[in-house]
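Worksheet for the structure shown next.
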Amino acid sequence: MQKIVVVGAGHASGQLLDSLRRGGSDAHITLVGEESWLPYQRPPLSKKFLSGELTVERLAFRPKSFYEKHDIHTRLSCRAVSIDRAAQTVSLANGEALDYELLALTTGGRVRKLTVPGAGLTGVHYLRGIDDALGLQADWQGRDKVCVIGGGFVGLEVAASARRLGKNVTVIEMADRLMGRAVSPAMSGYFLGLHTRNGAHVMCSTGVTELVGTHGRVSGIHLSDGREIPADVVVVGIGVLPNQELAREAGLACDNGIMVDEFARTRDPKIVSAGDCTNHPNSLLGRRLRLESVHNALEQAKSAAASLMGEQLVYAQVPWFWSDQYNSKLQMVGLSQGSDFSVQRGNPEEDKFSLFYYRGNALIAIDSVNCPGDHMAGKKLIAAGISPSPGQAADPGFPLKSLL
Amino acid sequence: MPKITLIQHSGESYTVEAADGATVMEVAIDNDIDGIIGECGGCCSCATCHCYIDPAFLDKIPPRGDLETEMLEFASSEAKVNSRLACQVEITDELEGMVVILPETQL
Ligand SMILES: Cc1cc2nc3c(=O)[nH]c(=O)nc-3n(C[C@H](O)[C@H](O)[C@H](O)COP(=O)(O)OP(=O)(O)OC[C@H]3O[C@@H](n4cnc5c(N)ncnc54)[C@H](O)[C@@H]3O)c2cc1C
Ligand code: FES
């Protein structure tokens, strides 16, 4: 029987296994995961899970019975440390080696660490996995002053969840606006207002020079402008790095991610890769990129599964992403970077509006707040290459559906 | 635990036990029933968990929210009066015997 080894038990691996079995593969499959958990949904970790509205069991991507029913061997709490491509084996941290005929790398990403003095103090948290979220939850119980370093999606969602629990929240962002890498200045401005209205204190254009503490536990943050602010708990959200070392050390090309083609194949015909860890081409966007989103992990995993089964399924989709902060649901479709101008539909003051981004006459992206209809229409419009005129986009009375 | 029945577009039907407090989306995933995707994991962000609820049970579940209604308008299979996003429908004892029809496609 053909042997497939999947390294990394996250979203991409869960979908890959599902697609393999539903696609009729009867291979002997082993899933190796460093965490102690079967693949689970990460998005709720900074949202409903952190604010206590969801239990751990409800995060599972598939129930335990799925792996039993589909005869998938799982090796959890087990890190893969190297790949021998000539011998076709994966070595595990416990010294064991697994043979493979085909290998999938779904190793995801890891948090970028803060390097300032004091970064190692107790009470300084990161958020990537369930264990991080449980640790943070336990630690901020009974503590009030939560400082979030980094005003990206994860940091801002943590800030909103902490406010929901009534904590005193400060967000420190080095750039001059929030979520600057992903959204336009207008959208950053809306979210700054949203957090401020909800009682979070947001400081942009502010760096962190040192974390200070007493008896090994963090108690304050020194800022680049010379001020010091008190902190009982610090949460750092300053980005994610691709877990590409395993591939790179095995001689596979990596450049901000494991290099794959549109079928999720590396240059080794026996090895595919999918999810946050890949640098992949997207023919719709006309360039290579690395994405950190559920949609990317799931859709690329489908292509990877097809490649493992000797089929070809091109991965070329319009990226989409969402973020929930307070009662505002941000949904993004397409990538707005590089747009020439945007038009607004709806009213930010009512917490219900969208920004339509254009390059020339072409609609390339839509960011929506509490306007899922615009988002859903946008997915279809952008994929089909249909652009409403800026006038149509700006008129909430114009039915976008009529263009589809 | 109430029992509910999920019927796929092909006509295949599954009667399963549903845990109180779980959503219909989770019930489908937990029982490995094709026809619900649930891409966003139940965050009401993707509309890939569209389903049709037995009309007799519609008044036993809280009504659709505004965001859900707007999402459904653009679901890949036609939205009907009994359309719901399965991740927004929580199981309660009152739903014993409910039939849920899954649409032709979610993507
Ligand atoms: C708090 C948070 C909120 C998020 N919110 C959203 C959101 O709202 N919307 C959205 O679209 N996306 C969101 N994301 C991003 C999304 O969760 C990721 O893009 C997605 O989980 C990526 O899946 P993946 O399988 O590529 O990687 P991961 O889910 O990171 O899985 C990789 C797994 O591989 C394991 N691994 C790595 N190396 C090894 C090794 N050598 N041996 C064994 N195991 C290994 C890791 O431990 C990990 O468990 C969020 C992420 C976080 C952390
Ligand atoms: S699972 Fe995404 S909307 Fe229901």
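Residue names in the structure tokens use chain letters A, B, ... in the order shown, residue numbers from 1 in each chain, and ligand numbers from 1 in the order shown.
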#### Entry: Distance filter 6 Å around ligand 1, atoms: only C-alpha atoms and all ligand atoms, out as a VMD selection string
chain A and resid 7 to 13 32 to 35 42 to 43 45 to 46 78 to 81 106 to 109 127 to 128 154 243 275 to 277 292 to 295 297 321 to 323
### Task
Up to 8 Å from chain B, what residues of chain A turn up? Count only C-alpha atoms and give them as a list in words.
Gln41, Pro44, Leu59, Phe61, Arg62, Pro63, Phe66, Val294, His295, Leu298, Trp322, Gln331, Asn370, Cys371, Pro372, Gly373, Met376 and Ala377 of chain A
Write the residues of the preceding selection, restricted to N, CA and C atoms, as an mmCIF file, in the first residue's frame.
data_model
loop_
_atom_site.group_PDB
_atom_site.id
_atom_site.type_symbol
_atom_site.label_atom_id
_atom_site.label_comp_id
_atom_site.auth_asym_id
_atom_site.auth_seq_id
_atom_site.Cartn_x
_atom_site.Cartn_y
_atom_site.Cartn_z
ATOM 1 N N GLN A 41 -9.672 24.639 14.515
ATOM 2 C CA GLN A 41 -9.920 25.972 13.969
ATOM 3 C C GLN A 41 -9.170 26.995 14.814
ATOM 4 N N PRO A 44 -11.202 31.159 16.037
ATOM 5 C CA PRO A 44 -11.905 31.519 17.273
ATOM 6 C C PRO A 44 -10.969 31.787 18.459
ATOM 7 N N LEU A 59 -13.650 23.409 18.883
ATOM 8 C CA LEU A 59 -12.692 23.959 17.918
ATOM 9 C C LEU A 59 -12.248 22.918 16.895
ATOM 10 N N PHE A 61 -11.402 20.574 13.961
ATOM 11 C CA PHE A 61 -11.692 20.674 12.526
ATOM 12 C C PHE A 61 -12.538 19.479 12.100
ATOM 13 N N ARG A 62 -12.185 18.307 12.624
ATOM 14 C CA ARG A 62 -12.980 17.090 12.444
ATOM 15 C C ARG A 62 -12.940 16.367 13.793
ATOM 16 N N PRO A 63 -14.008 15.628 14.124
ATOM 17 C CA PRO A 63 -13.980 14.918 15.408
ATOM 18 C C PRO A 63 -12.958 13.774 15.361
ATOM 19 N N PHE A 66 -13.450 10.857 13.023
ATOM 20 C CA PHE A 66 -13.126 11.004 11.605
ATOM 21 C C PHE A 66 -11.817 10.284 11.271
ATOM 22 N N VAL A 294 -7.490 30.955 6.389
ATOM 23 C CA VAL A 294 -8.154 29.657 6.340
ATOM 24 C C VAL A 294 -8.479 29.276 4.895
ATOM 25 N N HIS A 295 -9.014 30.234 4.142
ATOM 26 C CA HIS A 295 -9.387 29.941 2.755
ATOM 27 C C HIS A 295 -8.186 29.421 1.978
ATOM 28 N N LEU A 298 -7.277 25.819 3.101
ATOM 29 C CA LEU A 298 -8.220 24.798 2.645
ATOM 30 C C LEU A 298 -8.126 24.575 1.133
ATOM 31 N N TRP A 322 -11.524 37.165 7.016
ATOM 32 C CA TRP A 322 -12.453 37.931 7.849
ATOM 33 C C TRP A 322 -11.822 38.185 9.207
ATOM 34 N N GLN A 331 -14.973 41.737 6.465
ATOM 35 C CA GLN A 331 -14.755 40.675 5.479
ATOM 36 C C GLN A 331 -13.999 41.307 4.314
ATOM 37 N N ASN A 370 -19.739 44.702 8.296
ATOM 38 C CA ASN A 370 -21.164 44.377 8.479
ATOM 39 C C ASN A 370 -21.969 44.499 7.187
ATOM 40 N N CYS A 371 -21.342 44.256 6.047
ATOM 41 C CA CYS A 371 -22.019 44.247 4.749
ATOM 42 C C CYS A 371 -21.695 42.948 4.027
ATOM 43 N N PRO A 372 -22.136 41.812 4.586
ATOM 44 C CA PRO A 372 -21.761 40.546 3.966
ATOM 45 C C PRO A 372 -22.285 40.399 2.543
ATOM 46 N N GLY A 373 -23.354 41.120 2.225
ATOM 47 C CA GLY A 373 -23.875 41.046 0.861
ATOM 48 C C GLY A 373 -22.851 41.604 -0.123
ATOM 49 N N MET A 376 -20.022 39.017 -0.373
ATOM 50 C CA MET A 376 -20.388 37.820 -1.150
ATOM 51 C C MET A 376 -20.490 38.154 -2.638
ATOM 52 N N ALA A 377 -21.099 39.307 -2.942
ATOM 53 C CA ALA A 377 -21.186 39.721 -4.343
ATOM 54 C C ALA A 377 -19.779 39.947 -4.889
#
### Message
Given only C-alpha atoms as the basis, pick out the residue of A:Ser25, A:Asn94, A:Ser19, A:Asn198 nearest to Gln325 in chain A.
### Response
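Ranking A:Ser25, A:Asn94, A:Ser19, A:Asn198 by distance to Gln325 in chain A, first place goes to A:Asn198.
The protein and nucleic acid residues lying at most 6 Å from range 233-240 of chain A are Gly109, Arg110, Val111, Arg112, Gly123, Val124, His125, Tyr126, Val146, Cys147, Val148, Ile149, Gly150 and Gly155 of chain A, with only C-alpha atoms considered and sequence neighbours fewer than 6 positions away removed.
Counting from CA of Ser205 in chain A, the distance to CA of Asn168 in chain A is 20.6 Å.
The shortest atom-to-atom distance to Thr206 in chain A, with only C-alpha atoms taken into account, belongs to A:Gly151 out of A:Gly135, A:Gly180, A:Gly151, A:Pro117.
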### Query
Which residue, B:Arg64, B:Ile36, B:Pro103, B:Ile91, has the smallest gap to ligand 2 when you use only C-alpha atoms and all ligand atoms?
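Counting only C-alpha atoms and all ligand atoms, the residue closest to ligand 2 is B:Ile36.
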#### Entry: Gly52 in chain A surroundings by only C-alpha atoms, 12 Å radius, close-in-sequence under 2 positions cut, as number ranges by chain
A: 44-50, 54-56, 58, 133-134, 136-138, 141, 161-162, 164-165
Take the residues that were just selected and, keeping C-alpha atoms, output them as an mmCIF file, in the first residue's frame.
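Resulting contents of again20.cif:
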data_model
loop_
_atom_site.group_PDB
_atom_site.id
_atom_site.type_symbol
_atom_site.label_atom_id
_atom_site.label_comp_id
_atom_site.auth_asym_id
_atom_site.auth_seq_id
_atom_site.Cartn_x
_atom_site.Cartn_y
_atom_site.Cartn_z
ATOM 1 C CA PRO A 44 -11.905 31.519 17.273
ATOM 2 C CA LEU A 45 -8.799 31.511 19.524
ATOM 3 C CA SER A 46 -8.629 35.308 19.492
ATOM 4 C CA LYS A 47 -12.402 35.707 19.211
ATOM 5 C CA LYS A 48 -15.133 33.645 20.876
ATOM 6 C CA PHE A 49 -12.790 31.134 22.481
ATOM 7 C CA LEU A 50 -10.757 33.784 24.272
ATOM 8 C CA LEU A 54 -16.623 28.387 23.007
ATOM 9 C CA THR A 55 -15.132 25.252 24.540
ATOM 10 C CA VAL A 56 -12.029 23.414 23.290
ATOM 11 C CA ARG A 58 -15.899 22.816 19.609
ATOM 12 C CA ALA A 133 -5.025 30.710 24.391
ATOM 13 C CA LEU A 134 -5.545 28.575 27.496
ATOM 14 C CA LEU A 136 -3.517 33.599 28.320
ATOM 15 C CA GLN A 137 -7.018 32.951 29.662
ATOM 16 C CA ALA A 138 -5.672 31.533 32.894
ATOM 17 C CA GLN A 141 -8.034 35.950 35.168
ATOM 18 C CA SER A 161 -12.091 40.116 23.526
ATOM 19 C CA ALA A 162 -10.307 41.618 26.548
ATOM 20 C CA ARG A 164 -15.587 42.312 26.275
ATOM 21 C CA LEU A 165 -14.339 40.842 29.560
#
### Query
Could you work out how far CA of Leu20 in chain A lies from CA of Ala306 in chain A, giving the answer in Å with one decimal?
7.5 Å
#### Entry: Counting only C-alpha atoms and all ligand atoms, the residue of B:Gly97, B:Gly35, B:Gly21, B:Pro55 that sits nearest ligand 2
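Of B:Gly97, B:Gly35, B:Gly21, B:Pro55, the one nearest ligand 2 is B:Gly35, counting only C-alpha atoms and all ligand atoms.
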### Task
Identify, on the basis of only C-alpha atoms, every residue whose closest approach to Val208 in chain A does not exceed 10 Å; exclude the query and any residue fewer than 6 positions from it along the same chain; express the result as a list of chain:residue names.
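My list of contacting residues is A:Leu114, A:Val116, A:Pro117, A:Ile149, A:Gly150, A:Ile172, A:Glu173, A:Met174, A:Ile221, A:His222, A:Leu223, A:Ser224, A:Asp225, A:Gly226, A:Arg227, A:Glu228.
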### Query
Residues at most 12 Å from Met1 in chain B, counting only C-alpha atoms, excluding those fewer than 6 positions away in the same chain, as a PyMOL selection string?
chain B and resi 16-22+27+91-97
Those same residues - C-alpha atoms - I'd like them written as a PDB file, in the first residue's frame.
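Once written, selection18.pdb looks like this:
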ATOM      1  CA  VAL B  16     -28.194  11.364  14.099  1.00  0.00           C
ATOM      2  CA  GLU B  17     -28.032  12.357  17.725  1.00  0.00           C
ATOM      3  CA  ALA B  18     -27.303  16.031  18.153  1.00  0.00           C
ATOM      4  CA  ALA B  19     -25.743  17.431  21.308  1.00  0.00           C
ATOM      5  CA  ASP B  20     -27.562  20.294  23.008  1.00  0.00           C
ATOM      6  CA  GLY B  21     -25.797  23.546  22.270  1.00  0.00           C
ATOM      7  CA  ALA B  22     -23.987  22.254  19.168  1.00  0.00           C
ATOM      8  CA  VAL B  27     -23.649  18.031  13.791  1.00  0.00           C
ATOM      9  CA  ILE B  91     -29.650  22.417  18.867  1.00  0.00           C
ATOM     10  CA  THR B  92     -32.215  22.392  21.674  1.00  0.00           C
ATOM     11  CA  ASP B  93     -34.475  19.610  22.931  1.00  0.00           C
ATOM     12  CA  GLU B  94     -37.352  21.232  21.078  1.00  0.00           C
ATOM     13  CA  LEU B  95     -35.720  20.288  17.781  1.00  0.00           C
ATOM     14  CA  GLU B  96     -36.273  16.529  18.285  1.00  0.00           C
ATOM     15  CA  GLY B  97     -37.258  15.104  14.898  1.00  0.00           C
TER      16      GLY B  97
END
### Task
Could you give me the residues within range 301-364 of chain A that DSSP places in strand (DSSP E or B), as a PyMOL selection string?
chain A and resi 320-325+328-334+341-347+352-359+362-364
#### Entry: Per-residue DSSP, chain B, filtered to helix (DSSP H, G or I), as a list in words
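Taking chain B and keeping helix (DSSP H, G or I) gives Val24, Met25, Glu26, Val27, Ala28, Ile29, Asp30, Pro55, Ala56, Phe57, Leu58, Asp59, Lys60, Asp66, Leu67, Glu68, Thr69, Glu70, Met71, Leu72, Glu73, Ala86, Cys87, Gln88, Asp93, Glu94 and Leu95 of chain B.
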Restrict the selected residues to C-alpha atoms and save them as a short mmCIF file (atom, residue, chain, number, x, y, z; two decimals), in the first residue's frame.
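Result saved to result_23.cif:
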data_model
loop_
_atom_site.label_atom_id
_atom_site.label_comp_id
_atom_site.auth_asym_id
_atom_site.auth_seq_id
_atom_site.Cartn_x
_atom_site.Cartn_y
_atom_site.Cartn_z
CA VAL B 24 -26.43 22.05 12.91
CA MET B 25 -23.16 22.73 11.07
CA GLU B 26 -21.20 20.94 13.82
CA VAL B 27 -23.65 18.03 13.79
CA ALA B 28 -23.03 17.53 10.06
CA ILE B 29 -19.24 17.74 10.43
CA ASP B 30 -19.18 15.53 13.53
CA PRO B 55 -40.76 24.61 8.02
CA ALA B 56 -42.56 23.04 10.98
CA PHE B 57 -39.53 23.85 13.12
CA LEU B 58 -38.83 27.37 11.96
CA ASP B 59 -40.67 28.93 14.88
CA LYS B 60 -38.71 26.79 17.34
CA ASP B 66 -29.38 40.66 9.58
CA LEU B 67 -25.88 39.50 8.60
CA GLU B 68 -27.08 35.94 8.11
CA THR B 69 -29.96 37.09 5.91
CA GLU B 70 -27.61 39.16 3.76
CA MET B 71 -25.15 36.25 3.42
CA LEU B 72 -27.90 33.87 2.38
CA GLU B 73 -28.96 36.14 -0.45
CA ALA B 86 -26.35 25.86 9.76
CA CYS B 87 -23.69 27.37 12.04
CA GLN B 88 -26.25 29.83 13.36
CA ASP B 93 -34.47 19.61 22.93
CA GLU B 94 -37.35 21.23 21.08
CA LEU B 95 -35.72 20.29 17.78
#
### Task
Tell me, as a list in words, which residues lie within 10 Å of Ala393 in chain A, counting only C-alpha atoms; anything in the same chain fewer than 4 positions away does not count.
Ser342, Val343, Gln344, Arg345, Gly346, Ser354, Leu355, Phe356, Tyr357, Leu363, Asp374, Ser387, Pro388, Ser389, Gly397, Phe398, Pro399 and Leu400 of chain A
Please save all heavy atoms of the selected residues as a tab-separated table (two decimals), in the first residue's frame.
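Just written: out-v8.tsv:
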chain	number	residue	atom	x	y	z
A	342	SER	N	-10.28	54.17	-4.17
A	342	SER	CA	-11.38	53.36	-3.65
A	342	SER	C	-12.63	54.22	-3.55
A	342	SER	O	-12.54	55.45	-3.48
A	342	SER	CB	-11.03	52.80	-2.27
A	342	SER	OG	-10.93	53.85	-1.33
A	343	VAL	N	-13.77	53.57	-3.60
A	343	VAL	CA	-15.02	54.28	-3.37
A	343	VAL	C	-15.76	53.63	-2.20
A	343	VAL	O	-15.62	52.43	-1.96
A	343	VAL	CB	-15.95	54.34	-4.61
A	343	VAL	CG1	-15.28	55.07	-5.75
A	343	VAL	CG2	-16.37	52.94	-5.03
A	344	GLN	N	-16.51	54.44	-1.49
A	344	GLN	CA	-17.20	53.97	-0.29
A	344	GLN	C	-18.68	53.73	-0.60
A	344	GLN	O	-19.31	54.50	-1.28
A	344	GLN	CB	-17.07	55.04	0.79
A	344	GLN	CG	-17.72	54.66	2.10
A	344	GLN	CD	-17.52	55.76	3.14
A	344	GLN	OE1	-16.39	56.19	3.39
A	344	GLN	NE2	-18.61	56.22	3.71
A	345	ARG	N	-19.17	52.62	-0.07
A	345	ARG	CA	-20.59	52.30	-0.21
A	345	ARG	C	-21.11	52.14	1.22
A	345	ARG	O	-20.52	51.42	2.01
A	345	ARG	CB	-20.71	50.98	-0.98
A	345	ARG	CG	-22.13	50.48	-1.29
A	345	ARG	CD	-21.99	49.17	-2.05
A	345	ARG	NE	-23.24	48.49	-2.31
A	345	ARG	CZ	-23.93	48.59	-3.45
A	345	ARG	NH1	-23.49	49.37	-4.42
A	345	ARG	NH2	-25.04	47.92	-3.62
A	346	GLY	N	-22.20	52.81	1.58
A	346	GLY	CA	-22.72	52.71	2.94
A	346	GLY	C	-22.09	53.74	3.85
A	346	GLY	O	-21.36	54.62	3.39
A	354	SER	N	-18.76	49.49	2.95
A	354	SER	CA	-17.71	48.76	2.24
A	354	SER	C	-16.84	49.75	1.48
A	354	SER	O	-17.31	50.82	1.09
A	354	SER	CB	-18.31	47.78	1.22
A	354	SER	OG	-19.10	46.82	1.87
A	355	LEU	N	-15.59	49.34	1.27
A	355	LEU	CA	-14.71	50.10	0.40
A	355	LEU	C	-14.42	49.23	-0.82
A	355	LEU	O	-14.01	48.08	-0.67
A	355	LEU	CB	-13.41	50.47	1.12
A	355	LEU	CG	-13.57	51.42	2.32
A	355	LEU	CD1	-12.23	51.59	3.05
A	355	LEU	CD2	-14.11	52.78	1.86
A	356	PHE	N	-14.66	49.77	-1.99
A	356	PHE	CA	-14.39	49.06	-3.24
A	356	PHE	C	-13.09	49.63	-3.81
A	356	PHE	O	-12.99	50.84	-4.03
A	356	PHE	CB	-15.53	49.29	-4.24
A	356	PHE	CG	-16.79	48.52	-3.93
A	356	PHE	CD1	-17.42	48.65	-2.71
A	356	PHE	CD2	-17.33	47.65	-4.89
A	356	PHE	CE1	-18.58	47.94	-2.43
A	356	PHE	CE2	-18.49	46.93	-4.61
A	356	PHE	CZ	-19.12	47.07	-3.38
A	357	TYR	N	-12.10	48.76	-4.04
A	357	TYR	CA	-10.79	49.21	-4.51
A	357	TYR	C	-10.63	48.91	-6.00
A	357	TYR	O	-10.93	47.80	-6.45
A	357	TYR	CB	-9.67	48.48	-3.76
A	357	TYR	CG	-9.71	48.72	-2.26
A	357	TYR	CD1	-10.40	47.86	-1.43
A	357	TYR	CD2	-9.05	49.81	-1.69
A	357	TYR	CE1	-10.44	48.07	-0.06
A	357	TYR	CE2	-9.08	50.03	-0.33
A	357	TYR	CZ	-9.77	49.16	0.49
A	357	TYR	OH	-9.81	49.37	1.84
A	363	LEU	N	-12.20	46.43	-10.67
A	363	LEU	CA	-12.40	46.19	-9.24
A	363	LEU	C	-11.43	45.10	-8.81
A	363	LEU	O	-11.43	44.01	-9.38
A	363	LEU	CB	-13.84	45.72	-9.01
A	363	LEU	CG	-14.22	45.36	-7.57
A	363	LEU	CD1	-14.27	46.60	-6.69
A	363	LEU	CD2	-15.57	44.65	-7.55
A	374	ASP	N	-22.24	42.73	0.22
A	374	ASP	CA	-21.20	43.31	-0.66
A	374	ASP	C	-20.04	42.34	-0.80
A	374	ASP	O	-19.48	42.15	-1.88
A	374	ASP	CB	-20.66	44.63	-0.07
A	374	ASP	CG	-21.71	45.74	-0.09
A	374	ASP	OD1	-22.80	45.54	-0.65
A	374	ASP	OD2	-21.41	46.81	0.50
A	387	SER	N	-16.58	44.34	-13.20
A	387	SER	CA	-16.39	45.52	-12.35
A	387	SER	C	-17.59	46.44	-12.43
A	387	SER	O	-17.90	46.95	-13.51
A	387	SER	CB	-15.15	46.29	-12.77
A	387	SER	OG	-14.00	45.49	-12.66
A	388	PRO	N	-18.26	46.69	-11.30
A	388	PRO	CA	-19.26	47.74	-11.32
A	388	PRO	C	-18.56	49.07	-11.56
A	388	PRO	O	-17.38	49.20	-11.23
A	388	PRO	CB	-19.86	47.69	-9.91
A	388	PRO	CG	-18.86	46.99	-9.07
A	388	PRO	CD	-18.06	46.11	-9.98
A	389	SER	N	-19.23	50.03	-12.14
A	389	SER	CA	-18.60	51.35	-12.28
A	389	SER	C	-18.47	51.92	-10.87
A	389	SER	O	-19.24	51.55	-9.98
A	389	SER	CB	-19.46	52.26	-13.14
A	389	SER	OG	-20.62	52.64	-12.42
A	397	GLY	N	-28.14	51.75	-3.34
A	397	GLY	CA	-29.40	51.35	-3.96
A	397	GLY	C	-29.17	50.53	-5.22
A	397	GLY	O	-30.09	49.87	-5.72
A	398	PHE	N	-27.95	50.53	-5.74
A	398	PHE	CA	-27.68	49.76	-6.96
A	398	PHE	C	-27.44	48.29	-6.60
A	398	PHE	O	-26.53	47.97	-5.83
A	398	PHE	CB	-26.45	50.32	-7.70
A	398	PHE	CG	-26.08	49.49	-8.89
A	398	PHE	CD1	-26.76	49.61	-10.09
A	398	PHE	CD2	-25.07	48.53	-8.80
A	398	PHE	CE1	-26.45	48.81	-11.19
A	398	PHE	CE2	-24.74	47.72	-9.89
A	398	PHE	CZ	-25.44	47.87	-11.08
A	399	PRO	N	-28.26	47.38	-7.15
A	399	PRO	CA	-28.09	45.97	-6.79
A	399	PRO	C	-26.89	45.34	-7.50
A	399	PRO	O	-26.91	45.16	-8.72
A	399	PRO	CB	-29.40	45.32	-7.25
A	399	PRO	CG	-29.96	46.23	-8.30
A	399	PRO	CD	-29.38	47.60	-8.10
A	400	LEU	N	-25.86	45.01	-6.74
A	400	LEU	CA	-24.67	44.39	-7.32
A	400	LEU	C	-25.02	43.06	-7.98
A	400	LEU	O	-24.40	42.63	-8.94
A	400	LEU	CB	-23.61	44.17	-6.23
A	400	LEU	CG	-23.05	45.45	-5.61
A	400	LEU	CD1	-22.23	45.11	-4.37
A	400	LEU	CD2	-22.21	46.23	-6.62
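Pairwise distance (CA of Gly207 in chain A, CA of Lys145 in chain A) equals 18.4 Å.
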